[in-house]
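Structure record follows, encoded as structure tokens.
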Amino acid sequence: MKLDVIKLDGGKAGSIDLDEALFGLEPRADILHRVVRWQRAKSQAGTHSTLGKSDVSYSTKKIYRQKGTGGARHGSKKAPIFRHGGVYKGPQPRSHAHDLPKKFRALGLRHALSAKAKAGELVILDSLALTEAKTAALAKTVAERGWKRVLVIDGADVDANFALAARNIEGVDVLPTIGANVYDILKRDTLVITKAGIEALEARLK
């Protein structure tokens, strides 16, 4: 699979052969769905918490005598049926993470890359190198390229000037290769990968 390589200013910089095993697969929604669910579940805070009958602060005195009232038998007013009582089997802090095999996660990343390539939403850049970290100049370049919601993936390390210039531009996210993931790729309209990023991804997913 061959794609044109462009420079940051829009000029041509040759072409590149992409690995069919990474960018030429037929995307499967079920695989992508499972990986995204795994990612979202892992990032869920799980800090939900309720007070049970033994946790609420209330008197434990028997509220009225056992017999002769004509009403139901009750002891403590901490019972769930009373106002300010404990919650019965309410949510407690826990992790929502579940396991997903490493090979399946890698397969999901390949399908995400292939989905972007098939949709024509993949752009290959020669390099992210900037002489100076100017947000206004980079914002103008991004607008000229027509990138509104874009994820930029560089090699092992992101160019420091580019990272500084891009961090305050709405809709532009930058990641090193090791941070590339299915959810972030699918969430953006355009995926931009540098030549160094392509090499690193091929090495990571072989």
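Following the order of the structure tokens, first chain is A, next is B, and so on, with residues numbered from 1 inside each chain and ligands from 1 in the order they appear.
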Would you mind listing, for every residue of stretch 63-160 of chain A within 8 Å of stretch 28-40 of chain A, the two atoms forming the shortest contact and the distance between them in Å to one decimal, using only C-alpha atoms, sorted by chain and ascending residue number, as CSV?
residue,atom,partner,partner_atom,distance
A:Ala97,CA,A:Trp38,CA,7.0
A:His98,CA,A:Trp38,CA,6.6
A:Asp99,CA,A:Trp38,CA,7.6
A:Leu100,CA,A:Trp38,CA,7.0
A:Phe104,CA,A:Val35,CA,7.9
A:Arg105,CA,A:Val35,CA,6.2
A:Leu107,CA,A:Ile31,CA,7.9
A:Gly108,CA,A:Leu32,CA,5.5
A:His111,CA,A:Arg28,CA,6.8
A:Ala112,CA,A:Leu32,CA,6.9
I want to know what sits within 12 Å of stretch 162-164 of chain A, based on only C-alpha atoms, with residues of the same chain fewer than 3 positions away left out; could you give that as a PyMOL selection string? chain A and resi 8+127-139+141-142+152-154+157-159+167-169+172-176
Determine the nearest neighbour of A:Ile178 from the options A:Gly14, A:Leu3, A:Ile63, A:Ala203, counting only C-alpha atoms.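 Under the stated criterion, the closest residue is A:Ala203.
Our summary of the geometry notes that atom CA of A:Asn181 is positioned 15.8 Å from atom CA of A:Thr194.
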Using 8 Å as the limit and counting only C-alpha atoms, can you tabulate each residue of stretch 132-200 of chain A that touches stretch 113-118 of chain A, with its shortest atom-to-atom distance in Å and the two atoms involved, as a tab-separated table?
residue	atom	partner	partner_atom	distance
A:Ile185	CA	A:Leu113	CA	7.6
A:Leu186	CA	A:Lys116	CA	7.8
A:Thr190	CA	A:Lys116	CA	7.7
A:Leu191	CA	A:Lys116	CA	6.9
Can those selected residues be exported to a file as an mmCIF file, in the first residue's frame so that it contains C-alpha atoms?
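Okay, this is what ended up in part01.cif:
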data_model
loop_
_atom_site.group_PDB
_atom_site.id
_atom_site.type_symbol
_atom_site.label_atom_id
_atom_site.label_comp_id
_atom_site.auth_asym_id
_atom_site.auth_seq_id
_atom_site.Cartn_x
_atom_site.Cartn_y
_atom_site.Cartn_z
ATOM 1 C CA ILE A 185 -7.337 7.104 16.888
ATOM 2 C CA LEU A 186 -11.055 6.470 16.301
ATOM 3 C CA THR A 190 -7.843 12.721 10.898
ATOM 4 C CA LEU A 191 -4.831 10.606 11.827
#
Residues flagged alpha helix (DSSP H) by DSSP in stretch 6-69 of chain A, as number ranges by chain: A: 20-23, 29-43
Could you give me, as a list of chain:residue names, the residues within 10 Å of A:Met1, counting only C-alpha atoms and dropping anything in the same chain fewer than 5 positions from it?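 Using only C-alpha atoms, the neighbours found are A:Ile16, A:Asp17, A:Leu18, A:Asp19, A:Glu20, A:Phe23, A:Gly24, A:Ala117.
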Nearest to A:Glu121: which of A:Thr177, A:Ser54, A:Ile193, A:Gly86 is it, counting only C-alpha atoms? A:Ile193
Check the DSSP output for the backbone and give back, as a VMD selection string, the residues of stretch 13-159 of chain A in strand (DSSP E or B). chain A and resid 13 to 17 122 to 125 150 to 153
Dump of N, CA, C and O atoms for the selected residues, as a PDB file, in the first residue's frame:
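Just written: out.pdb:
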ATOM      1  N   ALA A  13       6.809  15.302  -0.314  1.00  0.00           N
ATOM      2  CA  ALA A  13       8.081  14.774   0.201  1.00  0.00           C
ATOM      3  C   ALA A  13       8.232  13.307  -0.194  1.00  0.00           C
ATOM      4  O   ALA A  13       8.701  12.485   0.587  1.00  0.00           O
ATOM      5  N   GLY A  14       7.758  12.958  -1.388  1.00  0.00           N
ATOM      6  CA  GLY A  14       7.891  11.584  -1.879  1.00  0.00           C
ATOM      7  C   GLY A  14       6.714  10.710  -1.493  1.00  0.00           C
ATOM      8  O   GLY A  14       5.593  11.190  -1.296  1.00  0.00           O
ATOM      9  N   SER A  15       6.960   9.415  -1.369  1.00  0.00           N
ATOM     10  CA  SER A  15       5.907   8.460  -1.019  1.00  0.00           C
ATOM     11  C   SER A  15       6.474   7.401  -0.081  1.00  0.00           C
ATOM     12  O   SER A  15       7.687   7.314   0.119  1.00  0.00           O
ATOM     13  N   ILE A  16       5.592   6.597   0.467  1.00  0.00           N
ATOM     14  CA  ILE A  16       6.012   5.562   1.421  1.00  0.00           C
ATOM     15  C   ILE A  16       5.178   4.307   1.201  1.00  0.00           C
ATOM     16  O   ILE A  16       3.990   4.387   0.870  1.00  0.00           O
ATOM     17  N   ASP A  17       5.806   3.144   1.347  1.00  0.00           N
ATOM     18  CA  ASP A  17       5.096   1.864   1.279  1.00  0.00           C
ATOM     19  C   ASP A  17       4.670   1.468   2.685  1.00  0.00           C
ATOM     20  O   ASP A  17       5.513   1.324   3.576  1.00  0.00           O
ATOM     21  N   LEU A 122      -6.014   9.129   6.704  1.00  0.00           N
ATOM     22  CA  LEU A 122      -4.642   8.947   7.150  1.00  0.00           C
ATOM     23  C   LEU A 122      -3.710   9.858   6.355  1.00  0.00           C
ATOM     24  O   LEU A 122      -3.763   9.889   5.123  1.00  0.00           O
ATOM     25  N   VAL A 123      -2.888  10.621   7.073  1.00  0.00           N
ATOM     26  CA  VAL A 123      -1.921  11.528   6.447  1.00  0.00           C
ATOM     27  C   VAL A 123      -0.527  11.169   6.953  1.00  0.00           C
ATOM     28  O   VAL A 123      -0.333  10.992   8.161  1.00  0.00           O
ATOM     29  N   ILE A 124       0.424  11.043   6.033  1.00  0.00           N
ATOM     30  CA  ILE A 124       1.806  10.746   6.412  1.00  0.00           C
ATOM     31  C   ILE A 124       2.637  12.016   6.266  1.00  0.00           C
ATOM     32  O   ILE A 124       2.677  12.624   5.193  1.00  0.00           O
ATOM     33  N   LEU A 125       3.281  12.405   7.372  1.00  0.00           N
ATOM     34  CA  LEU A 125       4.125  13.605   7.379  1.00  0.00           C
ATOM     35  C   LEU A 125       5.600  13.206   7.338  1.00  0.00           C
ATOM     36  O   LEU A 125       5.989  12.184   7.919  1.00  0.00           O
ATOM     37  N   VAL A 150      -7.727  16.305  15.038  1.00  0.00           N
ATOM     38  CA  VAL A 150      -6.612  15.526  14.509  1.00  0.00           C
ATOM     39  C   VAL A 150      -5.752  14.937  15.627  1.00  0.00           C
ATOM     40  O   VAL A 150      -5.550  15.565  16.665  1.00  0.00           O
ATOM     41  N   LEU A 151      -5.296  13.716  15.400  1.00  0.00           N
ATOM     42  CA  LEU A 151      -4.330  13.075  16.299  1.00  0.00           C
ATOM     43  C   LEU A 151      -3.026  12.938  15.529  1.00  0.00           C
ATOM     44  O   LEU A 151      -2.992  12.380  14.431  1.00  0.00           O
ATOM     45  N   VAL A 152      -1.957  13.469  16.102  1.00  0.00           N
ATOM     46  CA  VAL A 152      -0.636  13.414  15.472  1.00  0.00           C
ATOM     47  C   VAL A 152       0.235  12.424  16.246  1.00  0.00           C
ATOM     48  O   VAL A 152       0.406  12.561  17.454  1.00  0.00           O
ATOM     49  N   ILE A 153       0.772  11.426  15.548  1.00  0.00           N
ATOM     50  CA  ILE A 153       1.626  10.424  16.177  1.00  0.00           C
ATOM     51  C   ILE A 153       3.036  10.549  15.610  1.00  0.00           C
ATOM     52  O   ILE A 153       3.232  10.461  14.389  1.00  0.00           O
TER      53      ILE A 153
END
Excluding same-chain residues fewer than 5 positions from A:Arg149, what lies within 6 Å of it counting only C-alpha atoms, as a list in words?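 Result of the neighbour search: Gly171, Arg188 and Asp189 of chain A.
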Atomic distance atom CA of A:His48 - atom CA of A:Ser76, expressed in Å with one decimal: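 According to the coordinates, atom CA of A:His48 and atom CA of A:Ser76 are separated by 25.7 Å.
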Compare A:Val182, A:Ala196, A:Ala106, A:Ala119 by their minimum atom-to-atom distance to A:Glu26, counting only C-alpha atoms, and give me the closest one. A:Ala119
Option closest in space to A:Tyr58, from A:Ala72, A:Ala79, A:Leu205, A:Ala41 [counting only C-alpha atoms]: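 Nearest candidate to A:Tyr58 out of A:Ala72, A:Ala79, A:Leu205, A:Ala41: A:Ala79.
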Between atom CA of A:Lys62 and atom CA of A:Lys77, measure the distance and give it in Å to one decimal.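 Answer for the atom CA of A:Lys62 to atom CA of A:Lys77 separation: 7.6 Å.
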With only C-alpha atoms as the basis for distance, which of A:Ala166, A:Lys53, A:Leu22, A:Lys148 is at the shortest distance from A:Ile81? A:Lys53
Could you tell me which of A:His74, A:Lys187, A:Lys195, A:His84 comes closest to A:Thr50 if we count only C-alpha atoms? A:His84
